[in-house]
>>> print(open('protein06.cif').read())   # mmCIF, C-alpha atoms
data_data
loop_
_atom_site.label_atom_id
_atom_site.label_comp_id
_atom_site.auth_asym_id
_atom_site.auth_seq_id
_atom_site.Cartn_x
_atom_site.Cartn_y
_atom_site.Cartn_z
CA MET A 1157 0.00 0.00 0.00
CA PRO A 1158 1.50 3.28 -0.99
CA HIS A 1159 2.53 5.68 1.75
CA TYR A 1160 1.14 9.25 1.56
CA PRO A 1161 2.68 11.90 3.69
CA THR A 1162 0.40 13.34 6.31
CA SER A 1163 1.95 16.83 6.28
CA ARG A 1164 3.38 19.07 3.63
CA SER A 1165 6.98 19.88 3.76
CA THR A 1166 7.61 23.54 3.08
CA ASN A 1167 10.96 22.60 1.65
CA VAL A 1168 9.38 20.63 -1.17
CA SER A 1169 5.92 21.99 -1.97
CA GLN A 1170 6.66 25.76 -1.56
CA GLY A 1171 9.47 27.99 -2.57
CA PRO A 1172 11.21 30.28 -0.19
CA ARG A 1173 8.88 32.53 1.88
CA VAL A 1174 8.76 36.19 0.89
CA SER A 1175 8.00 38.74 3.58
CA ARG A 1176 5.44 41.25 2.27
CA GLN A 1177 5.53 44.32 4.48
CA ILE A 1178 3.29 47.36 3.74
CA PRO A 1179 5.32 50.57 3.76
CA PRO A 1180 4.23 53.40 6.06
CA LEU A 1181 1.50 55.63 4.71
CA HIS A 1182 3.68 58.73 4.57
CA LEU A 1183 5.95 56.96 2.09
CA LEU A 1184 3.18 56.10 -0.32
CA GLU A 1185 2.83 58.23 -3.44
CA PRO A 1186 -0.21 58.72 -5.61
CA PRO A 1187 -0.14 57.19 -9.04
CA GLN A 1188 1.27 59.23 -11.83
CA ALA A 1189 -1.33 61.43 -13.49
CA PRO A 1190 -1.09 63.54 -16.63
CA ARG A 1191 0.11 67.07 -15.88
CA MET A 1192 -0.78 70.24 -17.70
CA PRO A 1193 2.17 71.80 -19.48
CA SER A 1194 3.59 74.80 -17.57
CA VAL A 1195 3.25 78.23 -19.12
CA PRO A 1196 6.18 80.59 -18.54
CA LEU A 1197 5.34 83.82 -16.71
CA PRO A 1198 6.02 87.11 -18.48
CA SER A 1199 9.27 88.83 -17.72
CA GLY A 1200 9.46 91.78 -15.37
CA SER A 1201 9.30 94.38 -18.10
CA GLN A 1202 6.36 92.69 -19.79
CA GLY A 1203 4.50 92.49 -16.48
CA ILE A 1204 4.99 96.18 -15.87
CA GLN A 1205 3.73 97.05 -19.33
CA THR A 1206 0.68 94.85 -18.88
CA ILE A 1207 -0.21 96.42 -15.57
CA SER A 1208 0.40 99.96 -16.72
CA SER A 1209 -1.61 99.50 -19.88
CA GLY A 1210 -4.59 98.05 -18.03
CA VAL A 1211 -7.43 100.01 -16.46
CA ASN A 1212 -6.73 101.05 -12.89
CA THR A 1213 -9.91 100.37 -10.93
CA THR A 1214 -8.48 101.43 -7.55
CA ALA A 1215 -9.80 104.83 -6.53
CA PRO A 1216 -7.34 107.22 -4.90
CA ASP A 1217 -7.65 107.68 -1.16
CA PRO A 1218 -9.74 110.84 -0.59
CA LEU A 1219 -7.88 111.68 2.63
CA PRO A 1220 -6.12 113.82 3.48
CA ILE A 1221 -7.59 116.93 1.88
CA ASP A 1222 -5.05 119.65 1.16
CA LEU A 1223 -6.71 122.84 2.37
CA ARG A 1224 -4.33 124.98 0.32
CA SER A 1225 -6.28 123.93 -2.78
CA ASP A 1226 -9.94 124.51 -3.50
CA PRO A 1227 -11.71 121.40 -2.09
CA ASP A 1228 -13.01 119.19 -4.87
CA ARG A 1229 -16.71 118.51 -4.37
CA ASP A 1230 -16.61 114.83 -5.31
CA ARG A 1231 -13.51 114.12 -3.25
CA LEU A 1232 -14.95 115.97 -0.29
CA ALA A 1233 -18.13 113.90 -0.52
CA GLN A 1234 -16.08 110.69 -0.46
CA ALA A 1235 -13.87 111.79 2.41
CA ILE A 1236 -16.18 113.42 4.94
CA PRO A 1237 -19.89 112.85 5.64
CA ASN A 1238 -21.80 116.09 5.23
CA TYR A 1239 -23.06 116.30 8.81
CA SER A 1240 -25.66 118.86 9.76
CA ILE A 1241 -24.23 121.07 12.51
CA PRO A 1242 -26.66 122.97 14.74
CA PRO A 1243 -26.48 126.73 15.32
CA ALA A 1244 -24.09 128.10 17.94
CA SER A 1245 -21.87 125.02 17.73
CA MET A 1246 -18.15 125.25 18.48
CA ILE A 1247 -15.80 123.43 16.11
CA GLN A 1248 -12.22 122.94 17.31
CA VAL A 1249 -9.40 122.56 14.79
CA LEU A 1250 -6.86 120.21 16.37
CA PRO A 1251 -3.56 118.77 15.17
CA THR A 1252 -3.33 115.00 15.03
CA THR A 1253 -1.23 115.13 18.20
CA ARG A 1254 -4.27 116.58 20.03
CA ASP A 1255 -1.94 118.61 22.24
CA ARG A 1256 -3.51 122.02 21.57
CA VAL A 1257 -6.31 123.85 19.78
CA LEU A 1258 -5.11 125.69 16.68
CA ILE A 1259 -8.30 127.68 16.09
CA SER A 1260 -11.98 127.43 16.91
CA LEU A 1261 -14.83 128.00 14.49
CA THR A 1262 -18.50 128.61 15.22
CA SER A 1263 -21.52 127.67 13.17
CA GLY A 1264 -23.18 131.04 13.83
CA ASP A 1265 -26.86 131.58 14.37
CA ARG A 1266 -27.90 129.20 11.61
CA PRO A 1267 -27.31 125.51 10.97
CA THR A 1268 -24.39 124.67 8.75
CA THR A 1269 -22.83 121.56 7.26
CA ALA A 1270 -19.49 119.81 7.56
CA HIS A 1271 -18.60 120.58 3.96
CA ALA A 1272 -19.36 124.27 4.46
CA LEU A 1273 -16.94 124.31 7.41
CA VAL A 1274 -14.21 122.74 5.30
CA ARG A 1275 -14.65 125.45 2.70
CA GLU A 1276 -14.61 128.09 5.43
CA LEU A 1277 -11.31 126.75 6.77
CA HIS A 1278 -9.92 126.80 3.22
CA ALA A 1279 -10.94 130.49 2.93
CA ILE A 1280 -9.30 131.32 6.27
CA ILE A 1281 -5.99 129.86 5.10
CA HIS A 1282 -5.89 132.19 2.09
CA ALA A 1283 -7.16 135.31 3.86
CA PRO A 1284 -4.97 137.86 5.67
CA LEU A 1285 -4.35 136.86 9.25
CA SER A 1286 -6.88 137.90 11.84
CA LEU A 1287 -5.78 136.92 15.33
CA PRO A 1288 -8.80 135.65 17.26
CA GLN A 1289 -9.71 137.48 20.41
CA GLY A 1290 -8.71 135.57 23.49
CA LEU A 1291 -5.88 133.74 21.73
CA PRO A 1292 -3.53 132.62 24.53
CA PRO A 1293 -0.09 134.28 24.59
CA ASP A 1294 1.69 130.96 23.96
CA ALA A 1295 -0.50 130.34 20.89
CA ARG A 1296 0.17 133.86 19.61
CA GLN A 1297 3.90 133.27 20.06
CA ALA A 1298 3.67 129.97 18.18
CA VAL A 1299 1.97 131.73 15.24
CA PHE A 1300 4.68 134.40 15.23
CA ASN A 1301 7.46 131.81 15.34
CA PHE A 1302 5.97 129.88 12.43
CA PHE A 1303 5.56 133.01 10.31
CA VAL A 1304 9.15 134.17 10.94
CA ARG A 1305 10.48 130.73 9.97
CA ARG A 1306 8.40 130.83 6.82
CA ARG A 1307 9.40 134.35 5.73
CA GLY A 1308 13.00 134.34 6.85
CA PRO A 1309 14.89 137.57 7.69
CA GLU A 1310 12.02 139.87 6.66
CA GLY A 1311 9.54 138.03 8.88
CA VAL A 1312 10.03 140.13 12.02
CA GLN A 1313 9.52 143.42 10.20
CA LEU A 1314 6.48 142.09 8.35
CA TRP A 1315 4.98 140.95 11.65
CA LYS A 1316 5.53 144.37 13.21
CA SER A 1317 3.84 145.93 10.18
CA PHE A 1318 0.94 143.53 10.62
CA LEU A 1319 0.53 144.47 14.28
CA ALA A 1320 0.53 148.12 13.23
CA GLY A 1321 -2.49 147.44 11.01
CA HIS A 1322 -0.76 147.18 7.63
CA GLN A 1323 -1.55 144.31 5.26
CA HIS A 1324 1.53 143.47 3.25
CA PRO A 1325 1.24 141.00 0.31
CA ARG A 1326 3.83 138.87 2.08
CA GLY A 1327 2.34 139.40 5.48
CA PRO A 1328 0.84 136.72 7.73
CA THR A 1329 -2.27 134.83 6.63
CA GLY A 1330 -4.58 132.30 8.13
CA ALA A 1331 -2.11 129.62 7.06
CA ASP A 1332 0.19 130.88 9.81
CA LEU A 1333 -2.66 130.54 12.29
CA LEU A 1334 -2.75 126.81 11.47
CA GLN A 1335 1.06 126.68 11.80
CA GLY A 1336 1.47 124.58 8.67
CA HIS A 1337 -1.32 122.09 9.43
CA TYR A 1338 -2.81 122.16 5.93
CA LEU A 1339 -3.94 118.55 5.60
CA LEU A 1340 -7.43 117.73 6.79
CA TRP A 1341 -7.86 114.17 8.07
CA GLY A 1342 -11.45 114.26 9.26
CA LEU A 1343 -14.36 116.05 10.85
CA TRP A 1344 -16.59 114.41 13.45
CA LYS A 1345 -18.19 114.69 16.88
CA ASP A 1346 -16.01 113.14 19.58
CA ASP A 1347 -17.06 111.21 22.68
CA ARG A 1348 -17.52 114.48 24.58
CA SER A 1349 -19.97 115.78 21.95
CA ARG A 1350 -17.42 118.27 20.58
CA TRP A 1351 -17.13 118.92 16.89
CA VAL A 1352 -13.52 118.34 15.87
CA MET A 1353 -11.58 118.96 12.66
CA GLU A 1354 -8.29 117.06 12.69
CA VAL A 1355 -5.40 118.46 10.65
CA ASP A 1356 -1.73 117.65 10.18
CA VAL A 1357 1.40 119.04 8.54
CA PRO A 1358 2.59 117.66 5.17
CA ARG A 1359 5.14 114.90 5.61
CA VAL A 1360 7.60 113.29 3.20
CA PRO A 1361 9.71 110.12 3.61
CA ARG A 1362 13.15 110.61 5.06
CA GLN A 1363 15.97 109.82 2.65
CA ASP A 1364 17.96 107.94 5.29
CA ASN A 1365 14.95 105.82 6.23
CA PRO A 1366 11.94 105.82 3.84
CA THR A 1367 9.74 104.13 6.47
CA ARG A 1368 10.00 107.21 8.69
CA MET A 1369 8.58 110.63 7.98
CA TYR A 1370 9.61 114.18 8.73
CA ASN A 1371 7.71 117.42 8.59
CA TYR A 1372 7.72 119.21 5.29
#
>>> encode(input="protein06.cif", output="structure tokens")
Amino acid sequence: MPHYPTSRSTNVSQGPRVSRQIPPLHLLEPPQAPRMPSVPLPSGSQGIQTISSGVNTTAPDPLPIDLRSDPDRDRLAQAIPNYSIPPASMIQVLPTTRDRVLISLTSGDRPTTAHALVRELHAIIHAPLSLPQGLPPDARQAVFNFFVRRRGPEGVQLWKSFLAGHQHPRGPTGADLLQGHYLLWGLWKDDRSRWVMEVDVPRVPRQDNPTRMYNY
């Protein structure tokens, strides 16, 4: 009777065992897929031409408003809401440092608007200087100092002529009253219910450090 083995010998019926280990997931890669051909970007000069030749849809910032120029109606409407200001209201013109009051305006016996006040301040800048009554001595001195710096050697004599009642073409104007704060940054009612016009001096980047500014 033939003898049949009761168990299989791995040495005869199977080849050598191969260890199949699954690699970690972070080592697996997705199958190759067709890729779109890359398109080279335009060179720097081409990019500049493309941008410059396109339509600029970014509107210029309406602030600040240079009070030395006649306020543009459209720009003024974009920059400052045309608030209605009641009669007998006091409007303080402050520098952005808020350390002093440059001048104070009043709305008079009739209601006025914010835009009308901006135009009034523009007119004051171009008019011959009229020192407000009750102007503190330190404020008067600051106006004098600014005017003398602006006019140079003839400034002292022109100021004396102004105090004597003479209006010289190169004499002080309302611009000296603002001490160079020609740029309007806003008009609003503050948390103490005061009407405030905030102004600042023109500034330009410093050559030694363009990120910093100095007074113009």
>>> atom_distance(input="protein06.cif", atom1="atom CA of Pro1220 of chain A", atom2="atom CA of Thr1269 of chain A")
18.8 Å
>>> resolve_selection(input="protein06.cif", expression="the PyMOL selection byres ((chain A and resi 1286) around 8)", output="PyMOL selection string")
chain A and resi 1284-1285+1287-1288+1329-1330
>>> closest_residue(input="protein06.cif", among="A:Phe1300, A:Arg1305, A:Gln1234, A:Leu1223", to="Phe1318 of chain A", atoms="only C-alpha atoms")
A:Phe1300
>>> atom_distance(input="protein06.cif", atom1="atom CA of Arg1307 of chain A", atom2="atom CA of Asp1222 of chain A")
21.1 Å
>>> resolve_selection(input="protein06.cif", expression="the PyMOL selection byres ((chain A and resi 1238) around 10)", output="short mmCIF file (atom, residue, chain, number, x, y, z; two decimals) with C-alpha atoms, in the coordinates of the input")
data_model
loop_
_atom_site.label_atom_id
_atom_site.label_comp_id
_atom_site.auth_asym_id
_atom_site.auth_seq_id
_atom_site.Cartn_x
_atom_site.Cartn_y
_atom_site.Cartn_z
CA LEU A 1232 -14.95 115.97 -0.29
CA ALA A 1233 -18.13 113.90 -0.52
CA GLN A 1234 -16.08 110.69 -0.46
CA ALA A 1235 -13.87 111.79 2.41
CA ILE A 1236 -16.18 113.42 4.94
CA PRO A 1237 -19.89 112.85 5.64
CA TYR A 1239 -23.06 116.30 8.81
CA SER A 1240 -25.66 118.86 9.76
CA ILE A 1241 -24.23 121.07 12.51
CA THR A 1268 -24.39 124.67 8.75
CA THR A 1269 -22.83 121.56 7.26
CA ALA A 1270 -19.49 119.81 7.56
CA HIS A 1271 -18.60 120.58 3.96
CA ALA A 1272 -19.36 124.27 4.46
CA LEU A 1273 -16.94 124.31 7.41
CA LEU A 1343 -14.36 116.05 10.85
CA TRP A 1344 -16.59 114.41 13.45
#
>>> atom_distance(input="protein06.cif", atom1="atom CA of Arg1224 of chain A", atom2="atom CA of His1278 of chain A")
6.6 Å
>>> closest_residue(input="protein06.cif", among="A:Gln1248, A:Ser1349, A:Gln1335, A:Gln1323", to="Gln1297 of chain A", atoms="all atoms listed in the file")
A:Gln1335
>>> residues_around(input="protein06.cif", residues="Ser1260 of chain A", least_positions_apart="2", cutoff="8 Å", atoms="all atoms listed in the file", output="number ranges by chain")
A: 1246-1249, 1257-1258, 1262
>>> closest_residue(input="protein06.cif", among="A:Arg1254, A:Lys1345, A:His1337, A:Arg1231", to="Phe1302 of chain A", atoms="only C-alpha atoms")
A:His1337
>>> axis_aligned_box(input="protein06.cif", around="segment 1332-1336 of chain A", padding_each_side="4 Å", output="lines of an AutoDock Vina configuration file")
center_x = -0.6
center_y = 127.7
center_z = 10.5
size_x = 12.2
size_y = 14.3
size_z = 11.6
>>> closest_residue(input="protein06.cif", among="A:Gly1336, A:Ser1317, A:Glu1276, A:His1282", to="Ser1263 of chain A", atoms="all atoms listed in the file")
A:Glu1276
>>> residues_near_point(input="protein06.cif", point="(3.5, 139.7, 7.9)", cutoff="8 Å", atoms="all atoms listed in the file", output="list in words")
Phe1303, Gly1311, Val1312, Gln1313, Leu1314, Trp1315, Lys1316, Ser1317, Phe1318, Gln1323, His1324, Arg1326, Gly1327, Pro1328 and Thr1329 of chain A
>>> build_atoms(input="protein06.cif", residues="segment 1309-1326 of chain A", atoms="N, CA, C and O atoms", output="short mmCIF file (atom, residue, chain, number, x, y, z; two decimals), in the frame of the given file")
data_model
loop_
_atom_site.label_atom_id
_atom_site.label_comp_id
_atom_site.auth_asym_id
_atom_site.auth_seq_id
_atom_site.Cartn_x
_atom_site.Cartn_y
_atom_site.Cartn_z
N PRO A 1309 14.42 136.33 7.04
CA PRO A 1309 14.89 137.57 7.69
C PRO A 1309 13.85 138.69 7.70
O PRO A 1309 13.85 139.53 8.62
N GLU A 1310 12.99 138.78 6.71
CA GLU A 1310 12.02 139.87 6.66
C GLU A 1310 10.80 139.59 7.54
O GLU A 1310 9.93 140.46 7.69
N GLY A 1311 10.73 138.41 8.14
CA GLY A 1311 9.54 138.03 8.88
C GLY A 1311 9.24 138.92 10.07
O GLY A 1311 8.07 139.29 10.30
N VAL A 1312 10.26 139.31 10.82
CA VAL A 1312 10.03 140.13 12.02
C VAL A 1312 9.44 141.48 11.63
O VAL A 1312 8.48 141.97 12.24
N GLN A 1313 10.01 142.11 10.62
CA GLN A 1313 9.52 143.42 10.20
C GLN A 1313 8.10 143.32 9.63
O GLN A 1313 7.25 144.19 9.88
N LEU A 1314 7.84 142.26 8.88
CA LEU A 1314 6.48 142.09 8.35
C LEU A 1314 5.47 141.87 9.48
O LEU A 1314 4.33 142.34 9.40
N TRP A 1315 5.89 141.18 10.52
CA TRP A 1315 4.98 140.95 11.65
C TRP A 1315 4.70 142.26 12.38
O TRP A 1315 3.56 142.53 12.77
N LYS A 1316 5.73 143.07 12.56
CA LYS A 1316 5.53 144.37 13.21
C LYS A 1316 4.58 145.23 12.37
O LYS A 1316 3.72 145.94 12.92
N SER A 1317 4.73 145.17 11.05
CA SER A 1317 3.84 145.93 10.18
C SER A 1317 2.41 145.42 10.30
O SER A 1317 1.46 146.21 10.29
N PHE A 1318 2.27 144.11 10.44
CA PHE A 1318 0.94 143.53 10.62
C PHE A 1318 0.30 144.01 11.91
O PHE A 1318 -0.88 144.39 11.95
N LEU A 1319 1.07 144.02 13.00
CA LEU A 1319 0.53 144.47 14.28
C LEU A 1319 0.16 145.95 14.25
O LEU A 1319 -0.72 146.39 15.00
N ALA A 1320 0.84 146.69 13.36
CA ALA A 1320 0.53 148.12 13.23
C ALA A 1320 -0.69 148.37 12.34
O ALA A 1320 -1.08 149.53 12.13
N GLY A 1321 -1.27 147.29 11.81
CA GLY A 1321 -2.49 147.44 11.01
C GLY A 1321 -2.27 147.45 9.52
O GLY A 1321 -3.22 147.73 8.76
N HIS A 1322 -1.05 147.17 9.07
CA HIS A 1322 -0.76 147.18 7.63
C HIS A 1322 -0.83 145.74 7.08
O HIS A 1322 -0.32 144.81 7.70
N GLN A 1323 -1.44 145.61 5.92
CA GLN A 1323 -1.55 144.31 5.26
C GLN A 1323 -0.59 144.27 4.09
O GLN A 1323 -0.84 144.86 3.04
N HIS A 1324 0.52 143.60 4.30
CA HIS A 1324 1.53 143.47 3.25
C HIS A 1324 1.21 142.21 2.44
O HIS A 1324 0.72 141.21 2.99
N PRO A 1325 1.49 142.22 1.11
CA PRO A 1325 1.24 141.00 0.31
C PRO A 1325 1.97 139.77 0.85
O PRO A 1325 1.50 138.65 0.64
N ARG A 1326 3.09 139.99 1.52
CA ARG A 1326 3.83 138.87 2.08
C ARG A 1326 3.63 138.76 3.58
O ARG A 1326 4.38 138.08 4.28
#
